[in-house]
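Just target-v5.cif here, mmCIF, C-alpha atoms:
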```
data_model
#
loop_
_atom_site.label_atom_id
_atom_site.label_comp_id
_atom_site.auth_asym_id
_atom_site.auth_seq_id
_atom_site.Cartn_x
_atom_site.Cartn_y
_atom_site.Cartn_z
CA MET A 2 0.00 0.00 0.00
CA ASN A 3 2.76 2.40 0.94
CA GLU A 4 4.52 1.56 -2.29
CA VAL A 5 1.50 2.67 -4.31
CA ILE A 6 1.30 6.03 -2.52
CA PHE A 7 5.04 6.63 -2.90
CA PHE A 8 5.03 5.62 -6.55
CA TYR A 9 2.17 7.88 -7.57
CA SER A 10 3.35 10.90 -5.61
CA PHE A 11 6.94 10.76 -6.80
CA ALA A 12 6.04 9.77 -10.36
CA GLY A 13 3.78 12.83 -10.46
CA LEU A 14 6.49 15.03 -8.98
CA THR A 15 9.02 13.77 -11.53
CA LEU A 16 6.71 14.45 -14.44
CA LEU A 17 5.74 17.91 -13.17
CA ALA A 18 9.37 18.89 -12.62
CA ALA A 19 10.31 17.55 -16.08
CA LEU A 20 7.48 19.55 -17.68
CA TYR A 21 8.65 22.67 -15.88
CA VAL A 22 12.20 22.07 -17.17
CA VAL A 23 10.86 22.02 -20.70
CA LEU A 24 8.35 24.87 -20.46
CA THR A 25 9.90 27.55 -18.24
CA LYS A 26 11.49 30.62 -19.83
CA ASN A 27 14.23 31.05 -17.25
CA PRO A 28 17.22 28.68 -17.72
CA THR A 29 18.18 28.90 -14.03
CA TYR A 30 14.74 27.69 -12.97
CA ALA A 31 14.95 24.91 -15.55
CA VAL A 32 18.19 23.61 -14.01
CA LEU A 33 16.83 23.83 -10.46
CA SER A 34 13.66 22.04 -11.51
CA LEU A 35 15.75 19.28 -13.05
CA VAL A 36 17.43 18.86 -9.65
CA ALA A 37 13.97 18.22 -8.17
CA ALA A 38 13.21 15.73 -10.93
CA MET A 39 16.50 13.91 -10.24
CA PHE A 40 15.76 13.63 -6.52
CA SER A 41 12.30 12.16 -7.08
CA LEU A 42 13.74 9.78 -9.68
CA ALA A 43 16.26 8.65 -7.06
CA ILE A 44 13.35 7.89 -4.72
CA LEU A 45 11.73 5.80 -7.47
CA PHE A 46 15.04 3.92 -7.77
CA VAL A 47 14.89 3.17 -4.04
CA LEU A 48 11.35 1.86 -4.53
CA LEU A 49 12.79 -0.45 -7.18
CA HIS A 50 15.40 -1.72 -4.67
CA ALA A 51 18.27 -0.12 -6.62
CA TYR A 52 19.93 1.43 -3.57
CA PHE A 53 23.40 1.85 -5.02
CA ILE A 54 22.06 3.40 -8.22
CA ALA A 55 19.87 5.80 -6.21
CA VAL A 56 22.83 7.07 -4.17
CA VAL A 57 25.09 7.39 -7.21
CA HIS A 58 22.29 9.12 -9.08
CA VAL A 59 21.95 11.84 -6.44
CA LEU A 60 25.73 12.23 -6.16
CA VAL A 61 26.46 12.37 -9.87
CA TYR A 62 23.42 14.24 -11.16
CA ALA A 63 22.36 16.61 -8.40
CA GLY A 64 25.87 16.89 -7.01
CA ALA A 65 28.02 17.19 -10.11
CA ILE A 66 26.27 17.48 -13.45
CA LEU A 67 23.57 19.96 -12.50
CA VAL A 68 25.94 22.11 -10.45
CA LEU A 69 28.11 22.29 -13.58
CA PHE A 70 25.04 23.29 -15.60
CA LEU A 71 24.06 25.96 -13.10
CA PHE A 72 27.62 27.26 -13.10
CA VAL A 73 27.67 27.58 -16.90
CA VAL A 74 24.19 29.13 -17.06
CA MET A 75 25.23 31.81 -14.60
CA LEU A 76 28.68 32.25 -16.15
CA LEU A 77 27.34 32.85 -19.65
CA GLY A 78 24.63 35.16 -18.37
CA VAL A 79 21.82 33.38 -20.17
CA GLY A 80 19.64 34.11 -17.15
CA LYS A 81 17.47 36.29 -19.33
CA GLU A 82 14.43 34.92 -21.06
CA GLU A 83 14.56 33.28 -24.43
CA THR A 84 13.20 35.53 -27.12
CA PRO A 85 10.05 33.95 -28.57
CA GLY A 86 10.83 34.04 -32.27
CA LYS A 87 8.37 33.71 -35.10
CA SER A 88 9.36 30.12 -35.78
CA GLN A 89 8.69 29.19 -32.15
CA ARG A 90 5.02 28.39 -32.74
CA LEU A 91 5.91 26.13 -35.66
CA TYR A 92 8.39 24.23 -33.47
CA ARG A 93 5.74 23.80 -30.77
CA ILE A 94 3.15 22.42 -33.18
CA PHE A 95 5.67 20.07 -34.77
CA GLY A 96 7.04 18.98 -31.37
CA GLY A 97 3.52 18.35 -30.07
CA LEU A 98 2.69 16.18 -33.08
CA VAL A 99 5.86 14.10 -32.81
CA VAL A 100 5.44 13.64 -29.05
CA THR A 101 1.80 12.57 -29.42
CA GLY A 102 2.83 10.03 -32.03
CA PHE A 103 5.58 8.75 -29.78
CA LEU A 104 3.25 8.37 -26.78
CA LEU A 105 0.73 6.44 -28.89
CA GLU A 106 3.51 4.17 -30.10
CA ILE A 107 4.75 3.51 -26.56
CA GLY A 108 1.19 2.79 -25.42
CA ILE A 109 0.65 0.26 -28.20
CA ILE A 110 3.98 -1.46 -27.54
CA ILE A 111 3.39 -1.71 -23.78
CA LYS A 112 -0.08 -3.10 -24.37
CA ALA A 113 1.27 -5.66 -26.80
CA VAL A 114 4.08 -7.04 -24.62
CA SER A 115 2.56 -6.69 -21.15
CA SER A 116 2.39 -10.43 -20.48
CA SER A 117 5.75 -11.27 -18.93
CA ALA A 118 7.10 -10.56 -15.45
CA GLN A 119 4.51 -8.35 -13.80
CA SER A 120 5.33 -9.13 -10.19
CA PRO A 121 8.65 -8.02 -8.68
CA ALA A 122 11.38 -10.59 -8.28
CA ALA A 123 13.55 -10.95 -5.18
CA LEU A 124 16.48 -8.64 -5.77
CA SER A 125 18.52 -6.08 -3.91
CA GLY A 126 20.83 -3.70 -5.69
CA THR A 127 23.16 -3.07 -2.78
CA ILE A 128 26.71 -1.89 -3.37
CA GLU A 129 27.95 -5.40 -2.66
CA GLU A 130 25.77 -7.11 -5.25
CA VAL A 131 26.26 -4.52 -7.99
CA GLY A 132 29.99 -4.34 -7.24
CA LYS A 133 30.37 -8.11 -7.55
CA LEU A 134 28.75 -8.05 -10.97
CA LEU A 135 30.73 -4.99 -12.01
CA PHE A 136 34.09 -6.48 -11.11
CA THR A 137 33.52 -9.95 -12.54
CA GLU A 138 31.22 -10.13 -15.52
CA TYR A 139 31.42 -6.49 -16.59
CA PHE A 140 35.05 -5.84 -15.70
CA LEU A 141 36.22 -4.92 -19.21
CA PRO A 142 33.41 -2.38 -19.86
CA PHE A 143 34.10 -0.95 -16.39
CA GLU A 144 37.75 -0.36 -17.28
CA ILE A 145 36.78 1.12 -20.63
CA THR A 146 34.54 3.66 -18.91
CA SER A 147 37.59 4.97 -17.09
CA VAL A 148 39.23 5.59 -20.48
CA LEU A 149 36.02 7.34 -21.56
CA LEU A 150 36.18 9.59 -18.51
CA LEU A 151 39.81 10.40 -19.27
CA VAL A 152 38.85 11.34 -22.84
CA GLY A 153 36.05 13.49 -21.44
CA ILE A 154 38.39 15.35 -19.10
CA ILE A 155 41.01 15.95 -21.78
CA GLY A 156 38.39 17.01 -24.31
CA ALA A 157 36.78 19.49 -21.93
CA VAL A 158 40.12 21.03 -20.99
CA VAL A 159 41.34 21.27 -24.60
CA LEU A 160 38.06 22.80 -25.78
CA SER A 161 37.72 25.41 -23.09
CA LYS A 162 41.41 26.36 -22.98
CA LYS A 163 41.60 27.16 -26.68
CA GLU A 164 42.78 30.67 -27.42
CA GLU A 165 42.15 32.61 -30.57
CA PRO A 166 45.68 33.18 -31.88
CA GLY A 167 44.88 36.68 -33.13
CA ARG A 168 43.48 37.84 -29.85
CA SER A 169 46.32 36.66 -27.62
CA LYS A 170 48.92 38.21 -29.94
CA GLN A 171 47.04 41.46 -29.90
CA MET A 172 46.96 41.38 -26.14
CA GLN A 173 50.69 40.78 -25.90
CA ALA A 174 51.28 43.63 -28.31
CA GLU A 175 49.23 45.94 -26.12
CA GLY A 176 51.23 44.85 -23.13
CA GLN A 177 48.25 43.45 -21.25
CA PRO A 178 48.99 40.43 -19.12
CA ARG A 179 46.65 37.51 -19.60
CA SER A 180 44.33 37.50 -16.68
CA GLY A 181 44.38 33.76 -16.13
CA GLN A 182 41.50 31.54 -15.12
CA ALA A 183 38.68 34.01 -14.92
CA GLU A 184 39.09 35.02 -18.52
CA ASP A 185 39.78 31.56 -19.84
CA LEU A 186 36.43 30.34 -18.66
CA MET B 21 0.02 -3.10 -6.83
CA ILE B 22 2.59 -1.32 -8.95
CA THR B 23 3.48 -3.38 -12.00
CA LEU B 24 6.26 -3.11 -14.55
CA ASN B 25 3.86 -1.32 -16.90
CA HIS B 26 3.49 1.60 -14.47
CA TYR B 27 7.22 2.24 -14.59
CA LEU B 28 7.40 1.76 -18.36
CA ILE B 29 4.59 4.27 -18.92
CA LEU B 30 6.28 6.78 -16.62
CA SER B 31 9.55 6.25 -18.46
CA GLY B 32 7.81 6.76 -21.81
CA CYS B 33 6.19 9.98 -20.59
CA LEU B 34 9.54 11.31 -19.33
CA PHE B 35 11.13 10.48 -22.68
CA ALA B 36 8.30 12.29 -24.50
CA VAL B 37 8.75 15.39 -22.32
CA GLY B 38 12.48 15.39 -23.08
CA MET B 39 11.81 15.00 -26.81
CA TYR B 40 9.41 17.95 -26.74
CA GLY B 41 12.11 19.98 -24.98
CA ILE B 42 14.72 19.16 -27.62
CA MET B 43 12.36 20.12 -30.41
CA THR B 44 11.05 23.39 -28.97
CA ARG B 45 14.07 24.82 -27.15
CA ARG B 46 16.36 27.18 -29.06
CA ASN B 47 19.05 27.51 -26.41
CA ALA B 48 21.90 25.00 -26.70
CA LEU B 49 22.22 24.68 -22.91
CA LEU B 50 18.54 23.87 -22.48
CA ILE B 51 18.71 21.29 -25.26
CA LEU B 52 21.50 19.60 -23.28
CA LEU B 53 19.23 19.66 -20.21
CA SER B 54 16.50 17.91 -22.21
CA VAL B 55 19.01 15.26 -23.30
CA GLU B 56 19.59 14.55 -19.59
CA LEU B 57 15.84 13.91 -19.26
CA LEU B 58 16.00 11.40 -22.12
CA LEU B 59 18.94 9.56 -20.55
CA ASN B 60 17.12 9.32 -17.23
CA ALA B 61 13.96 8.01 -18.82
CA ALA B 62 16.05 5.21 -20.28
CA ASN B 63 17.70 4.65 -16.88
CA LEU B 64 14.31 4.29 -15.22
CA SER B 65 13.19 1.53 -17.57
CA PHE B 66 16.54 -0.26 -17.13
CA VAL B 67 16.12 -0.28 -13.35
CA ALA B 68 12.45 -1.27 -13.60
CA TYR B 69 13.32 -4.24 -15.79
CA ALA B 70 16.14 -5.22 -13.44
CA ARG B 71 13.66 -5.31 -10.56
CA TYR B 72 10.88 -7.18 -12.30
CA ARG B 73 13.09 -9.74 -14.01
CA GLY B 74 15.37 -10.28 -11.03
CA ASP B 75 18.51 -9.51 -13.00
CA LEU B 76 21.04 -6.96 -11.77
CA THR B 77 22.49 -6.38 -15.24
CA GLY B 78 20.06 -3.52 -15.76
CA GLN B 79 21.54 -1.66 -12.80
CA VAL B 80 25.07 -2.17 -14.09
CA PHE B 81 23.98 -0.65 -17.39
CA VAL B 82 22.54 2.36 -15.58
CA PHE B 83 25.96 2.84 -14.01
CA PHE B 84 27.56 2.94 -17.47
CA THR B 85 24.87 5.33 -18.72
CA MET B 86 25.72 7.72 -15.89
CA VAL B 87 29.41 7.72 -16.84
CA VAL B 88 28.50 8.47 -20.45
CA ALA B 89 26.14 11.24 -19.30
CA ALA B 90 28.88 12.82 -17.19
CA CYS B 91 31.30 12.83 -20.16
CA GLU B 92 28.62 14.16 -22.47
CA VAL B 93 27.87 17.05 -20.14
CA ALA B 94 31.54 17.93 -19.69
CA ILE B 95 32.19 18.02 -23.44
CA GLY B 96 28.81 19.59 -24.25
CA LEU B 97 29.28 22.45 -21.81
CA ALA B 98 32.82 23.05 -23.07
CA VAL B 99 31.44 23.29 -26.61
CA ALA B 100 28.70 25.64 -25.39
CA ILE B 101 31.28 27.91 -23.74
CA LEU B 102 33.42 27.88 -26.89
CA LEU B 103 30.37 28.71 -29.02
CA PHE B 104 29.41 31.55 -26.74
CA ARG B 105 32.94 32.91 -26.86
CA THR B 106 33.15 32.89 -30.65
CA ARG B 107 29.51 33.59 -31.64
CA GLU B 108 28.23 35.49 -28.58
CA THR B 109 25.02 33.50 -28.71
CA LEU B 110 23.68 30.07 -27.84
CA ASN B 111 20.60 30.33 -30.03
CA THR B 112 20.62 27.31 -32.34
CA ASP B 113 18.73 29.24 -35.03
CA GLU B 114 21.68 31.59 -35.40
CA ILE B 115 24.37 28.93 -35.17
CA ASN B 116 23.78 27.47 -38.60
CA THR B 117 27.21 27.28 -40.19
CA LEU B 118 29.85 24.65 -39.57
CA LYS B 119 32.66 26.92 -40.70
CA TRP B 120 32.84 30.63 -41.26
#
```
In structure tokens, write the structure found in this file.
Amino acid sequence: MNEVIFFYSFAGLTLLAALYVVLTKNPTYAVLSLVAAMFSLAILFVLLHAYFIAVVHVLVYAGAILVLFLFVVMLLGVGKEETPGKSQRLYRIFGGLVVTGFLLEIGIIIKAVSSSAQSPAALSGTIEEVGKLLFTEYFLPFEITSVLLLVGIIGAVVLSKKEEPGRSKQMQAEGQPRSGQAEDL
Amino acid sequence: MITLNHYLILSGCLFAVGMYGIMTRRNALLILLSVELLLNAANLSFVAYARYRGDLTGQVFVFFTMVVAACEVAIGLAVAILLFRTRETLNTDEINTLKW
């Protein structure tokens, strides 16, 4: 009984927060609303007995990714509203059509294959269980993800450190010292 | 009782919301945010299947998805900053040339 109440309340919260992310004009509010969506998704993960995934989800998404987003939104000063262009209405109509089609499709598919496995199986996604699987059966993919992270770090640094050659020369010619981190970002 | 279908429908709805965001948003940062919604919709159905089939593989896959999402955000935001520095805008209607 409790599970039903929790599921419906947090599923509703997730959907509302996701809708707000998509519909609000202010990018800062969109990011903060996505934080709310991530937290309620983590609660749904706990309901599904995926404890390790729930914790990692909060840490990685709310703790790292969305803070990075918020940082960039504030840094670039896109806190102002998006200008509603003329093409905006066209995009909305087209988007609405595609999304309606997609939802119908999903509904049909779920109806068609709803026979198997409707009651939960005994399972607990504790750190121990997931870790065992991760370090035995999925050891190679696990190691490859570390290479992927390395590529991500190097890529981000290379991209955001890049200087326009003309500008830096001009600055040196004018005798201005490069002002380091603050300007590089 | 909450069945697998409940979670699948929720996951489908989340995916649809994210798709709508990608199609209607004109700001590159907000499109990246909508991509996060898509990834999490997929994560939710992975975890739901793991629970209802009694197989932890789904949760391991969610772990990998999170790593990919973290990399994607790091690179995506770096590209957004670079775009803003060179074009002074993040509006995807104005960024329509690959080279200029």
Selection result for the PyMOL selection byres ((chain A) within 7 of (chain B)) on this file, as an MDAnalysis selection string:
chainID A and resid 5 12 16 19:20 23 28 49 54 66 92:93 96:97 100 103:104 107 111 115 118:124 126 131 135 146 150 153 156:157 160:161
Computed gap from atom CA of Leu59 of chain B to atom CA of Leu103 of chain B is 23.9 Å
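Rounded to one decimal, atom CA of Val36 of chain A and atom CA of Tyr62 of chain A lie 7.7 Å from each other.
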Between atom CA of Leu67 of chain A and atom CA of Pro142 of chain A lies a distance of 25.5 Å
Write out as lines of an AutoDock Vina configuration file an axis-aligned box for segment 89-102 of chain A: all of its atoms listed in the file, 8 Å added on each side, centre and edge lengths in Å with one decimal.
```
center_x = 5.2
center_y = 19.6
center_z = -32.4
size_x = 22.9
size_y = 35.2
size_z = 22.6
```
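With all atoms listed in the file as the atoms that count, the minimum distance from Phe53 of chain A to the choices A:Glu130, A:Ala18, A:Ile94, A:Gly108 is reached by A:Glu130.
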